[in-house]
>>> print(open('target-v5.pdb').read())   # PDB, C-alpha atoms
ATOM      1  CA  LEU A   1     -21.611  23.834  56.358  1.00  0.00           C
ATOM      2  CA  LEU A   2     -17.963  24.866  56.492  1.00  0.00           C
ATOM      3  CA  GLY A   3     -16.719  28.394  56.966  1.00  0.00           C
ATOM      4  CA  ALA A   4     -14.196  29.715  54.449  1.00  0.00           C
ATOM      5  CA  PRO A   5     -11.157  29.113  56.736  1.00  0.00           C
ATOM      6  CA  GLN A   6     -12.305  25.547  57.463  1.00  0.00           C
ATOM      7  CA  GLU A   7     -12.851  24.855  53.784  1.00  0.00           C
ATOM      8  CA  ARG A   8      -9.381  26.151  52.882  1.00  0.00           C
ATOM      9  CA  TRP A   9      -7.802  24.077  55.661  1.00  0.00           C
ATOM     10  CA  LEU A  10      -9.586  20.916  54.498  1.00  0.00           C
ATOM     11  CA  SER A  11      -8.667  21.454  50.832  1.00  0.00           C
ATOM     12  CA  GLU A  12      -5.023  21.950  51.785  1.00  0.00           C
ATOM     13  CA  ALA A  13      -5.060  18.862  53.996  1.00  0.00           C
ATOM     14  CA  ILE A  14      -6.482  16.779  51.142  1.00  0.00           C
ATOM     15  CA  ARG A  15      -3.894  18.149  48.739  1.00  0.00           C
ATOM     16  CA  ASN A  16      -0.901  17.644  51.041  1.00  0.00           C
ATOM     17  CA  THR A  17      -1.578  14.275  52.643  1.00  0.00           C
ATOM     18  CA  ASP A  18       0.180  11.120  51.505  1.00  0.00           C
ATOM     19  CA  GLU A  19      -1.768   8.754  53.755  1.00  0.00           C
ATOM     20  CA  PRO A  20      -3.252   5.701  51.988  1.00  0.00           C
ATOM     21  CA  TRP A  21      -6.788   6.496  53.144  1.00  0.00           C
ATOM     22  CA  LEU A  22      -8.566   9.828  53.435  1.00  0.00           C
ATOM     23  CA  LEU A  23     -11.063   9.371  56.283  1.00  0.00           C
ATOM     24  CA  LEU A  24     -13.425  12.324  56.652  1.00  0.00           C
ATOM     25  CA  SER A  25     -16.033  12.484  59.397  1.00  0.00           C
ATOM     26  CA  THR A  26     -19.138  14.588  58.834  1.00  0.00           C
ATOM     27  CA  GLN A  27     -22.017  14.861  61.260  1.00  0.00           C
ATOM     28  CA  VAL A  28     -24.585  14.923  58.458  1.00  0.00           C
ATOM     29  CA  MET A  29     -24.846  12.966  55.211  1.00  0.00           C
ATOM     30  CA  LEU A  30     -22.709  13.985  52.261  1.00  0.00           C
ATOM     31  CA  SER A  31     -24.562  11.951  49.626  1.00  0.00           C
ATOM     32  CA  PRO A  32     -27.728  13.250  47.954  1.00  0.00           C
ATOM     33  CA  PHE A  33     -30.883  11.969  49.649  1.00  0.00           C
ATOM     34  CA  LYS A  34     -34.338  12.099  48.113  1.00  0.00           C
ATOM     35  CA  LEU A  35     -37.557  10.411  49.130  1.00  0.00           C
ATOM     36  CA  PRO A  36     -39.039   7.826  46.747  1.00  0.00           C
ATOM     37  CA  ARG A  37     -41.633   9.584  44.604  1.00  0.00           C
ATOM     38  CA  ASP A  38     -44.069   6.696  45.108  1.00  0.00           C
ATOM     39  CA  LEU A  39     -43.566   6.647  48.878  1.00  0.00           C
ATOM     40  CA  ARG A  40     -47.288   7.203  49.515  1.00  0.00           C
ATOM     41  CA  ASN A  41     -48.130   3.844  47.930  1.00  0.00           C
ATOM     42  CA  LEU A  42     -45.140   1.918  49.298  1.00  0.00           C
ATOM     43  CA  MET A  43     -45.493   2.658  53.002  1.00  0.00           C
ATOM     44  CA  ASP A  44     -47.989   1.621  55.661  1.00  0.00           C
ATOM     45  CA  GLN A  45     -49.095   5.071  56.802  1.00  0.00           C
ATOM     46  CA  GLU A  46     -51.004   3.786  59.825  1.00  0.00           C
ATOM     47  CA  LYS A  47     -47.827   2.366  61.377  1.00  0.00           C
ATOM     48  CA  SER A  48     -45.714   5.523  60.973  1.00  0.00           C
ATOM     49  CA  VAL A  49     -44.511   7.293  64.128  1.00  0.00           C
ATOM     50  CA  LEU A  50     -45.065  10.624  62.367  1.00  0.00           C
ATOM     51  CA  ASN A  51     -48.161  12.643  63.141  1.00  0.00           C
ATOM     52  CA  ALA A  52     -50.698  13.138  60.352  1.00  0.00           C
ATOM     53  CA  GLU A  53     -49.648  16.708  59.547  1.00  0.00           C
ATOM     54  CA  SER A  54     -45.939  15.889  59.285  1.00  0.00           C
ATOM     55  CA  LEU A  55     -46.599  12.791  57.208  1.00  0.00           C
ATOM     56  CA  THR A  56     -48.818  14.699  54.783  1.00  0.00           C
ATOM     57  CA  GLY A  57     -46.114  17.307  54.231  1.00  0.00           C
ATOM     58  CA  ILE A  58     -43.396  14.702  53.703  1.00  0.00           C
ATOM     59  CA  LEU A  59     -45.482  12.723  51.215  1.00  0.00           C
ATOM     60  CA  GLN A  60     -46.096  15.912  49.255  1.00  0.00           C
ATOM     61  CA  LEU A  61     -42.362  16.631  49.301  1.00  0.00           C
ATOM     62  CA  ALA A  62     -41.621  13.118  48.025  1.00  0.00           C
ATOM     63  CA  GLU A  63     -43.698  13.747  44.921  1.00  0.00           C
ATOM     64  CA  THR A  64     -41.652  16.853  44.013  1.00  0.00           C
ATOM     65  CA  GLY A  65     -38.340  14.990  43.738  1.00  0.00           C
ATOM     66  CA  LEU A  66     -36.619  17.581  45.960  1.00  0.00           C
ATOM     67  CA  PRO A  67     -34.103  16.635  48.683  1.00  0.00           C
ATOM     68  CA  MET A  68     -35.625  15.625  52.005  1.00  0.00           C
ATOM     69  CA  LEU A  69     -33.146  17.339  54.336  1.00  0.00           C
ATOM     70  CA  LEU A  70     -31.683  20.767  53.606  1.00  0.00           C
ATOM     71  CA  ASP A  71     -29.686  20.856  56.854  1.00  0.00           C
ATOM     72  CA  THR A  72     -27.362  18.198  55.397  1.00  0.00           C
ATOM     73  CA  TRP A  73     -24.946  18.678  52.475  1.00  0.00           C
ATOM     74  CA  ASP A  74     -28.019  18.598  50.193  1.00  0.00           C
ATOM     75  CA  GLY A  75     -28.708  22.142  51.409  1.00  0.00           C
ATOM     76  CA  TYR A  76     -25.200  23.272  50.386  1.00  0.00           C
ATOM     77  CA  PRO A  77     -24.564  21.777  46.938  1.00  0.00           C
ATOM     78  CA  PRO A  78     -21.841  24.290  45.940  1.00  0.00           C
ATOM     79  CA  ALA A  79     -19.884  23.464  49.117  1.00  0.00           C
ATOM     80  CA  ARG A  80     -20.300  19.746  48.504  1.00  0.00           C
ATOM     81  CA  GLY A  81     -19.151  20.249  44.940  1.00  0.00           C
ATOM     82  CA  ARG A  82     -16.015  22.079  46.070  1.00  0.00           C
ATOM     83  CA  LEU A  83     -15.172  19.305  48.526  1.00  0.00           C
ATOM     84  CA  LEU A  84     -15.514  16.626  45.860  1.00  0.00           C
ATOM     85  CA  GLU A  85     -13.547  18.795  43.423  1.00  0.00           C
ATOM     86  CA  ALA A  86     -10.728  19.031  45.962  1.00  0.00           C
ATOM     87  CA  LEU A  87     -10.630  15.236  46.145  1.00  0.00           C
ATOM     88  CA  SER A  88     -10.761  14.981  42.361  1.00  0.00           C
ATOM     89  CA  ALA A  89      -7.987  17.553  41.838  1.00  0.00           C
ATOM     90  CA  SER A  90      -5.717  15.681  44.223  1.00  0.00           C
ATOM     91  CA  GLN A  91      -6.664  12.370  42.561  1.00  0.00           C
ATOM     92  CA  ARG A  92      -7.309  11.027  46.032  1.00  0.00           C
ATOM     93  CA  SER A  93     -10.172   8.853  47.212  1.00  0.00           C
ATOM     94  CA  GLY A  94     -12.190   9.629  50.303  1.00  0.00           C
ATOM     95  CA  VAL A  95     -14.021   7.554  52.885  1.00  0.00           C
ATOM     96  CA  PHE A  96     -16.754   9.572  54.586  1.00  0.00           C
ATOM     97  CA  LEU A  97     -18.241   8.618  57.946  1.00  0.00           C
ATOM     98  CA  SER A  98     -21.604  10.209  58.666  1.00  0.00           C
ATOM     99  CA  GLY A  99     -24.744   9.896  60.750  1.00  0.00           C
ATOM    100  CA  TYR A 100     -27.678  12.139  61.663  1.00  0.00           C
ATOM    101  CA  ILE A 101     -30.394  10.304  59.737  1.00  0.00           C
ATOM    102  CA  HIS A 102     -30.632   7.392  62.217  1.00  0.00           C
ATOM    103  CA  THR A 103     -30.462   4.821  59.426  1.00  0.00           C
ATOM    104  CA  ALA A 104     -27.629   2.622  58.133  1.00  0.00           C
ATOM    105  CA  MET A 105     -26.644   3.302  54.536  1.00  0.00           C
ATOM    106  CA  PHE A 106     -23.730   2.819  52.167  1.00  0.00           C
ATOM    107  CA  SER A 107     -23.186   5.208  49.263  1.00  0.00           C
ATOM    108  CA  GLU A 108     -20.614   5.818  46.556  1.00  0.00           C
ATOM    109  CA  LEU A 109     -19.794   9.105  44.847  1.00  0.00           C
ATOM    110  CA  GLY A 110     -17.215  10.176  42.326  1.00  0.00           C
ATOM    111  CA  ASN A 111     -16.164  10.841  38.765  1.00  0.00           C
ATOM    112  CA  ALA A 112     -13.469   9.708  36.327  1.00  0.00           C
ATOM    113  CA  ASN A 113     -10.663  10.974  38.594  1.00  0.00           C
ATOM    114  CA  MET A 114     -11.981  10.121  42.041  1.00  0.00           C
ATOM    115  CA  ARG A 115     -14.118   7.654  43.936  1.00  0.00           C
ATOM    116  CA  ALA A 116     -15.471   8.249  47.425  1.00  0.00           C
ATOM    117  CA  VAL A 117     -17.582   6.043  49.644  1.00  0.00           C
ATOM    118  CA  GLU A 118     -19.795   6.954  52.579  1.00  0.00           C
ATOM    119  CA  PHE A 119     -20.666   4.817  55.575  1.00  0.00           C
ATOM    120  CA  THR A 120     -23.772   6.273  57.235  1.00  0.00           C
ATOM    121  CA  CYS A 121     -24.223   4.910  60.737  1.00  0.00           C
ATOM    122  CA  PRO A 122     -27.468   3.685  62.274  1.00  0.00           C
ATOM    123  CA  SER A 123     -28.859   5.222  65.433  1.00  0.00           C
ATOM    124  CA  ILE A 124     -28.288   3.889  68.940  1.00  0.00           C
ATOM    125  CA  THR A 125     -31.929   4.286  70.035  1.00  0.00           C
ATOM    126  CA  SER A 126     -33.696   6.917  67.873  1.00  0.00           C
ATOM    127  CA  PRO A 127     -36.342   5.961  65.276  1.00  0.00           C
ATOM    128  CA  GLY A 128     -35.021   5.429  61.759  1.00  0.00           C
ATOM    129  CA  MET A 129     -36.519   5.425  58.275  1.00  0.00           C
ATOM    130  CA  GLY A 130     -38.302   2.152  58.977  1.00  0.00           C
ATOM    131  CA  ASN A 131     -40.194   3.790  61.829  1.00  0.00           C
ATOM    132  CA  LEU A 132     -41.032   6.898  59.834  1.00  0.00           C
ATOM    133  CA  PHE A 133     -41.932   5.032  56.638  1.00  0.00           C
ATOM    134  CA  PRO A 134     -42.831   1.392  57.410  1.00  0.00           C
ATOM    135  CA  SER A 135     -42.967  -0.795  54.317  1.00  0.00           C
ATOM    136  CA  LYS A 136     -46.277  -2.261  53.185  1.00  0.00           C
ATOM    137  CA  THR A 137     -44.369  -5.270  51.885  1.00  0.00           C
ATOM    138  CA  GLU A 138     -40.952  -6.433  53.079  1.00  0.00           C
ATOM    139  CA  ASN A 139     -38.157  -3.983  52.155  1.00  0.00           C
ATOM    140  CA  SER A 140     -40.301  -2.099  49.621  1.00  0.00           C
ATOM    141  CA  VAL A 141     -39.390   1.321  51.072  1.00  0.00           C
ATOM    142  CA  PRO A 142     -35.583   0.829  51.439  1.00  0.00           C
ATOM    143  CA  GLN A 143     -35.451  -0.663  47.945  1.00  0.00           C
ATOM    144  CA  ALA A 144     -37.290   2.383  46.626  1.00  0.00           C
ATOM    145  CA  PHE A 145     -34.827   4.708  48.395  1.00  0.00           C
ATOM    146  CA  VAL A 146     -31.929   2.916  46.672  1.00  0.00           C
ATOM    147  CA  ALA A 147     -33.683   3.167  43.309  1.00  0.00           C
ATOM    148  CA  GLU A 148     -34.402   6.896  43.803  1.00  0.00           C
ATOM    149  CA  ASN A 149     -30.836   7.791  44.856  1.00  0.00           C
ATOM    150  CA  PRO A 150     -28.206   6.633  42.321  1.00  0.00           C
ATOM    151  CA  THR A 151     -25.306   7.034  44.768  1.00  0.00           C
ATOM    152  CA  MET A 152     -26.956   4.824  47.407  1.00  0.00           C
ATOM    153  CA  HIS A 153     -26.083   1.116  47.356  1.00  0.00           C
ATOM    154  CA  MET A 154     -27.819   0.005  50.558  1.00  0.00           C
ATOM    155  CA  MET A 155     -30.286   1.100  53.203  1.00  0.00           C
ATOM    156  CA  LEU A 156     -31.082  -0.845  56.377  1.00  0.00           C
ATOM    157  CA  ASP A 157     -34.248   0.892  57.538  1.00  0.00           C
ATOM    158  CA  ARG A 158     -34.656  -1.124  60.748  1.00  0.00           C
ATOM    159  CA  GLY A 159     -32.366  -1.723  63.698  1.00  0.00           C
ATOM    160  CA  HIS A 160     -29.966   0.112  65.972  1.00  0.00           C
ATOM    161  CA  GLY A 161     -26.244  -0.281  66.321  1.00  0.00           C
ATOM    162  CA  TRP A 162     -22.950   0.992  64.970  1.00  0.00           C
ATOM    163  CA  VAL A 163     -20.395   0.727  62.161  1.00  0.00           C
ATOM    164  CA  GLU A 164     -16.992  -0.836  62.813  1.00  0.00           C
ATOM    165  CA  LEU A 165     -14.115  -0.202  60.396  1.00  0.00           C
ATOM    166  CA  HIS A 166     -11.124  -2.495  59.829  1.00  0.00           C
ATOM    167  CA  ILE A 167      -8.370  -0.776  57.858  1.00  0.00           C
ATOM    168  CA  ASP A 168      -5.059  -1.844  56.384  1.00  0.00           C
ATOM    169  CA  GLN A 169      -2.873  -0.393  53.621  1.00  0.00           C
ATOM    170  CA  ASP A 170      -5.088  -1.284  50.665  1.00  0.00           C
ATOM    171  CA  ARG A 171      -8.321  -2.640  52.126  1.00  0.00           C
ATOM    172  CA  LEU A 172     -11.068  -1.166  54.285  1.00  0.00           C
ATOM    173  CA  GLN A 173     -13.926  -3.201  55.694  1.00  0.00           C
ATOM    174  CA  GLY A 174     -17.039  -1.634  57.199  1.00  0.00           C
ATOM    175  CA  ASP A 175     -19.240  -3.863  59.347  1.00  0.00           C
ATOM    176  CA  TYR A 176     -22.769  -2.738  60.225  1.00  0.00           C
ATOM    177  CA  TRP A 177     -23.514  -4.176  63.666  1.00  0.00           C
ATOM    178  CA  MET A 178     -27.142  -4.327  64.831  1.00  0.00           C
ATOM    179  CA  ALA A 179     -28.358  -5.105  68.354  1.00  0.00           C
ATOM    180  CA  PRO A 180     -31.415  -7.368  68.748  1.00  0.00           C
ATOM    181  CA  THR A 181     -33.212  -4.797  70.923  1.00  0.00           C
ATOM    182  CA  VAL A 182     -32.822  -1.420  72.622  1.00  0.00           C
ATOM    183  CA  ALA A 183     -35.932  -1.859  74.741  1.00  0.00           C
ATOM    184  CA  THR A 184     -34.004  -3.248  77.727  1.00  0.00           C
ATOM    185  CA  ARG A 185     -30.996  -2.296  79.819  1.00  0.00           C
ATOM    186  CA  ASP A 186     -29.776  -5.880  79.542  1.00  0.00           C
ATOM    187  CA  THR A 187     -26.144  -5.758  78.412  1.00  0.00           C
ATOM    188  CA  HIS A 188     -26.692  -8.971  76.447  1.00  0.00           C
ATOM    189  CA  ALA A 189     -28.431  -6.868  73.791  1.00  0.00           C
ATOM    190  CA  SER A 190     -25.091  -5.426  72.698  1.00  0.00           C
ATOM    191  CA  VAL A 191     -23.181  -8.630  73.400  1.00  0.00           C
ATOM    192  CA  ASN A 192     -25.553 -10.483  71.061  1.00  0.00           C
ATOM    193  CA  ALA A 193     -25.334  -7.901  68.284  1.00  0.00           C
ATOM    194  CA  SER A 194     -24.514  -9.271  64.849  1.00  0.00           C
ATOM    195  CA  VAL A 195     -23.103  -8.031  61.543  1.00  0.00           C
ATOM    196  CA  THR A 196     -26.110  -7.321  59.324  1.00  0.00           C
ATOM    197  CA  ALA A 197     -24.148  -5.937  56.367  1.00  0.00           C
ATOM    198  CA  ARG A 198     -20.502  -5.619  55.357  1.00  0.00           C
ATOM    199  CA  PHE A 199     -18.880  -3.583  52.612  1.00  0.00           C
ATOM    200  CA  VAL A 200     -15.266  -4.146  51.571  1.00  0.00           C
ATOM    201  CA  VAL A 201     -13.466  -1.298  49.813  1.00  0.00           C
ATOM    202  CA  GLN A 202     -10.217  -1.979  47.946  1.00  0.00           C
ATOM    203  CA  ARG A 203      -7.748   0.664  46.846  1.00  0.00           C
ATOM    204  CA  ASP A 204      -6.641   0.341  43.220  1.00  0.00           C
ATOM    205  CA  GLY A 205      -4.219   3.185  42.693  1.00  0.00           C
ATOM    206  CA  ASN A 206      -6.336   6.266  43.392  1.00  0.00           C
ATOM    207  CA  LYS A 207      -9.614   4.445  42.726  1.00  0.00           C
ATOM    208  CA  LEU A 208     -11.857   2.599  45.174  1.00  0.00           C
ATOM    209  CA  ILE A 209     -13.611  -0.663  44.384  1.00  0.00           C
ATOM    210  CA  SER A 210     -16.417  -1.584  46.773  1.00  0.00           C
ATOM    211  CA  GLN A 211     -18.584  -4.640  47.135  1.00  0.00           C
ATOM    212  CA  ARG A 212     -21.055  -6.003  49.655  1.00  0.00           C
ATOM    213  CA  ASN A 213     -20.223  -9.478  50.984  1.00  0.00           C
ATOM    214  CA  VAL A 214     -22.791  -9.840  53.814  1.00  0.00           C
TER     215      VAL A 214
END
>>> encode(input="target-v5.pdb", output="C-alpha cells")
Amino acid sequence: LLGAPQERWLSEAIRNTDEPWLLLSTQVMLSPFKLPRDLRNLMDQEKSVLNAESLTGILQLAETGLPMLLDTWDGYPPARGRLLEALSASQRSGVFLSGYIHTAMFSELGNANMRAVEFTCPSITSPGMGNLFPSKTENSVPQAFVAENPTMHMMLDRGHGWVELHIDQDRLQGDYWMAPTVATRDTHASVNASVTARFVVQRDGNKLISQRNV
C-alpha cells in the first residue's frame, strides 16, 4: 500500500516523534479481517443486498478461512508487518483510524513491546456488513465476526454515522455515533444521533489499555 519512500518516511516519523499519541490514518483496515466460516448458516440469505452470484462466491470464500478483502492491508501482510515492527522497535503505541468497509469496528493489535488499537468508522450512507450479511438471529453474524478475528473486539453491523475522538495526555476516548436514519434529508437525523459504543484507551507507559464502557 505504501511506496518505499513513504514507508521510510513513516518509519522515521514513528522513530523520531515524542508525542504522547501516535495517530495514524489509513483509508483501509489495518487489522486482519476474515469472514465467519459458518456464515452460510448464520445469515438470512434472502435479505442480503448482494446478488445470488456474489453471495455464492463470498460464502465459498468464508469456508476457506482466507481474508475477505485483499485491497486492504490483508493483501499486503509484509508491509503491515513492517509497520507494526516499526512501532514495536520504537516501543511506541499507535492509534489507527480507518474506514472503507462501511461498518463500525474496534480492534487491538500488538505484541510484548507494543499495543495498537484501530477505530474503524461506519459509513455515512453506504450498506454495511448488516446489509450484506443479515443475521438470522439478533447479532449472530457480528458475534461470529468477532469470534473469527482475534484482534476484533467489536462490530456494529447496522447503522450509519461517525467516530468522535476525545484526546488528552494519557487518555483517548472514541465514541461511535449513529444516526437514527439516513433515508431523509431531515437535519434532525444527525441532531438526534446517539453514542452506540464507546472505547476508552489509557496510556500506561508505552502500553495501551482499552475497555468498552458503552
>>> residues_around(input="target-v5.pdb", residues="His153 (chain A)", least_positions_apart="5", cutoff="10 Å", atoms="all atoms listed in the file", output="PyMOL selection string")
chain A and resi 105-108+143+145-147+211-212
>>> closest_residue(input="target-v5.pdb", among="A:Leu42, A:Gln60, A:Thr181, A:Asn192", to="Thr137 (chain A)", atoms="all atoms listed in the file")
A:Leu42
>>> residues_around(input="target-v5.pdb", residues="Ser123 (chain A)", least_positions_apart="4", cutoff="9 Å", atoms="only C-alpha atoms", output="PyMOL selection string")
chain A and resi 99-104+127-128+159-162
>>> atom_distance(input="target-v5.pdb", atom1="CA of Ala183 (chain A)", atom2="CA of Leu35 (chain A)")
28.4 Å
>>> resolve_selection(input="target-v5.pdb", expression="the PyMOL selection byres ((chain A and resi 27) around 12)", output="list in words")
Leu1, Leu2, Leu24, Ser25, Thr26, Val28, Met29, Leu30, Asp71, Thr72, Trp73, Phe96, Leu97, Ser98, Gly99, Tyr100, Ile101, His102, Glu118, Phe119, Thr120 and Cys121 of chain A
>>> atom_distance(input="target-v5.pdb", atom1="CA of Ala193 (chain A)", atom2="CA of Arg158 (chain A)")
13.8 Å
>>> residues_around(input="target-v5.pdb", residues="region 78-83 of chain A", least_positions_apart="2", cutoff="9 Å", atoms="all atoms listed in the file", output="PDB file with C-alpha atoms, in the coordinates of the input")
ATOM      1  CA  LEU A   1     -21.611  23.834  56.358  1.00  0.00           C
ATOM      2  CA  LEU A   2     -17.963  24.866  56.492  1.00  0.00           C
ATOM      3  CA  GLU A   7     -12.851  24.855  53.784  1.00  0.00           C
ATOM      4  CA  LEU A  10      -9.586  20.916  54.498  1.00  0.00           C
ATOM      5  CA  SER A  11      -8.667  21.454  50.832  1.00  0.00           C
ATOM      6  CA  LEU A  30     -22.709  13.985  52.261  1.00  0.00           C
ATOM      7  CA  SER A  31     -24.562  11.951  49.626  1.00  0.00           C
ATOM      8  CA  TRP A  73     -24.946  18.678  52.475  1.00  0.00           C
ATOM      9  CA  ASP A  74     -28.019  18.598  50.193  1.00  0.00           C
ATOM     10  CA  TYR A  76     -25.200  23.272  50.386  1.00  0.00           C
ATOM     11  CA  GLU A  85     -13.547  18.795  43.423  1.00  0.00           C
ATOM     12  CA  ALA A  86     -10.728  19.031  45.962  1.00  0.00           C
ATOM     13  CA  LEU A  87     -10.630  15.236  46.145  1.00  0.00           C
ATOM     14  CA  SER A  88     -10.761  14.981  42.361  1.00  0.00           C
TER      15      SER A  88
END
>>> resolve_selection(input="target-v5.pdb", expression="the PyMOL selection byres ((chain A and resi 48) around 8)", output="ChimeraX atom specification")
/A:44-47,49-51,131-134
>>> build_atoms(input="target-v5.pdb", residues="region 147-172 of chain A", atoms="N, CA and C atoms", output="PDB file, in the coordinates of the input")
ATOM      1  N   ALA A 147     -33.359   2.903  44.711  1.00  0.00           N
ATOM      2  CA  ALA A 147     -33.683   3.167  43.309  1.00  0.00           C
ATOM      3  C   ALA A 147     -33.764   4.666  43.019  1.00  0.00           C
ATOM      4  N   GLU A 148     -34.223   5.454  43.996  1.00  0.00           N
ATOM      5  CA  GLU A 148     -34.402   6.896  43.803  1.00  0.00           C
ATOM      6  C   GLU A 148     -33.076   7.648  43.879  1.00  0.00           C
ATOM      7  N   ASN A 149     -32.110   7.098  44.617  1.00  0.00           N
ATOM      8  CA  ASN A 149     -30.836   7.791  44.856  1.00  0.00           C
ATOM      9  C   ASN A 149     -29.693   6.998  44.224  1.00  0.00           C
ATOM     10  N   PRO A 150     -29.197   7.415  43.057  1.00  0.00           N
ATOM     11  CA  PRO A 150     -28.206   6.633  42.321  1.00  0.00           C
ATOM     12  C   PRO A 150     -26.909   6.370  43.094  1.00  0.00           C
ATOM     13  N   THR A 151     -26.548   7.253  44.030  1.00  0.00           N
ATOM     14  CA  THR A 151     -25.306   7.034  44.768  1.00  0.00           C
ATOM     15  C   THR A 151     -25.466   6.024  45.895  1.00  0.00           C
ATOM     16  N   MET A 152     -26.708   5.716  46.282  1.00  0.00           N
ATOM     17  CA  MET A 152     -26.956   4.824  47.407  1.00  0.00           C
ATOM     18  C   MET A 152     -26.937   3.368  46.957  1.00  0.00           C
ATOM     19  N   HIS A 153     -26.154   2.542  47.667  1.00  0.00           N
ATOM     20  CA  HIS A 153     -26.083   1.116  47.356  1.00  0.00           C
ATOM     21  C   HIS A 153     -26.895   0.271  48.333  1.00  0.00           C
ATOM     22  N   MET A 154     -27.128   0.791  49.541  1.00  0.00           N
ATOM     23  CA  MET A 154     -27.819   0.005  50.558  1.00  0.00           C
ATOM     24  C   MET A 154     -28.483   0.914  51.574  1.00  0.00           C
ATOM     25  N   MET A 155     -29.653   0.494  52.043  1.00  0.00           N
ATOM     26  CA  MET A 155     -30.286   1.100  53.203  1.00  0.00           C
ATOM     27  C   MET A 155     -30.825  -0.019  54.088  1.00  0.00           C
ATOM     28  N   LEU A 156     -30.482   0.035  55.375  1.00  0.00           N
ATOM     29  CA  LEU A 156     -31.082  -0.845  56.377  1.00  0.00           C
ATOM     30  C   LEU A 156     -32.021   0.029  57.204  1.00  0.00           C
ATOM     31  N   ASP A 157     -33.314  -0.072  56.941  1.00  0.00           N
ATOM     32  CA  ASP A 157     -34.248   0.892  57.538  1.00  0.00           C
ATOM     33  C   ASP A 157     -34.714   0.490  58.930  1.00  0.00           C
ATOM     34  N   ARG A 158     -34.293  -0.674  59.407  1.00  0.00           N
ATOM     35  CA  ARG A 158     -34.656  -1.124  60.748  1.00  0.00           C
ATOM     36  C   ARG A 158     -33.404  -1.459  61.535  1.00  0.00           C
ATOM     37  N   GLY A 159     -33.461  -1.301  62.845  1.00  0.00           N
ATOM     38  CA  GLY A 159     -32.366  -1.723  63.698  1.00  0.00           C
ATOM     39  C   GLY A 159     -31.542  -0.572  64.233  1.00  0.00           C
ATOM     40  N   HIS A 160     -30.816  -0.864  65.299  1.00  0.00           N
ATOM     41  CA  HIS A 160     -29.966   0.112  65.972  1.00  0.00           C
ATOM     42  C   HIS A 160     -28.606  -0.523  66.222  1.00  0.00           C
ATOM     43  N   GLY A 161     -27.570   0.283  66.112  1.00  0.00           N
ATOM     44  CA  GLY A 161     -26.244  -0.281  66.321  1.00  0.00           C
ATOM     45  C   GLY A 161     -25.137   0.690  65.972  1.00  0.00           C
ATOM     46  N   TRP A 162     -24.128   0.195  65.254  1.00  0.00           N
ATOM     47  CA  TRP A 162     -22.950   0.992  64.970  1.00  0.00           C
ATOM     48  C   TRP A 162     -22.226   0.420  63.758  1.00  0.00           C
ATOM     49  N   VAL A 163     -21.256   1.174  63.260  1.00  0.00           N
ATOM     50  CA  VAL A 163     -20.395   0.727  62.161  1.00  0.00           C
ATOM     51  C   VAL A 163     -18.982   0.571  62.696  1.00  0.00           C
ATOM     52  N   GLU A 164     -18.364  -0.540  62.378  1.00  0.00           N
ATOM     53  CA  GLU A 164     -16.992  -0.836  62.813  1.00  0.00           C
ATOM     54  C   GLU A 164     -16.112  -0.948  61.569  1.00  0.00           C
ATOM     55  N   LEU A 165     -15.024  -0.189  61.537  1.00  0.00           N
ATOM     56  CA  LEU A 165     -14.115  -0.202  60.396  1.00  0.00           C
ATOM     57  C   LEU A 165     -12.847  -0.987  60.721  1.00  0.00           C
ATOM     58  N   HIS A 166     -12.402  -1.785  59.758  1.00  0.00           N
ATOM     59  CA  HIS A 166     -11.124  -2.495  59.829  1.00  0.00           C
ATOM     60  C   HIS A 166     -10.303  -2.016  58.632  1.00  0.00           C
ATOM     61  N   ILE A 167      -9.126  -1.461  58.905  1.00  0.00           N
ATOM     62  CA  ILE A 167      -8.370  -0.776  57.858  1.00  0.00           C
ATOM     63  C   ILE A 167      -6.944  -1.310  57.804  1.00  0.00           C
ATOM     64  N   ASP A 168      -6.486  -1.627  56.589  1.00  0.00           N
ATOM     65  CA  ASP A 168      -5.059  -1.844  56.384  1.00  0.00           C
ATOM     66  C   ASP A 168      -4.624  -1.010  55.185  1.00  0.00           C
ATOM     67  N   GLN A 169      -3.459  -1.265  54.639  1.00  0.00           N
ATOM     68  CA  GLN A 169      -2.873  -0.393  53.621  1.00  0.00           C
ATOM     69  C   GLN A 169      -3.760  -0.237  52.388  1.00  0.00           C
ATOM     70  N   ASP A 170      -4.352  -1.325  51.923  1.00  0.00           N
ATOM     71  CA  ASP A 170      -5.088  -1.284  50.665  1.00  0.00           C
ATOM     72  C   ASP A 170      -6.520  -1.774  50.764  1.00  0.00           C
ATOM     73  N   ARG A 171      -6.983  -2.070  51.977  1.00  0.00           N
ATOM     74  CA  ARG A 171      -8.321  -2.640  52.126  1.00  0.00           C
ATOM     75  C   ARG A 171      -9.004  -2.049  53.352  1.00  0.00           C
ATOM     76  N   LEU A 172     -10.265  -1.681  53.180  1.00  0.00           N
ATOM     77  CA  LEU A 172     -11.068  -1.166  54.285  1.00  0.00           C
ATOM     78  C   LEU A 172     -12.367  -1.963  54.333  1.00  0.00           C
TER      79      LEU A 172
END
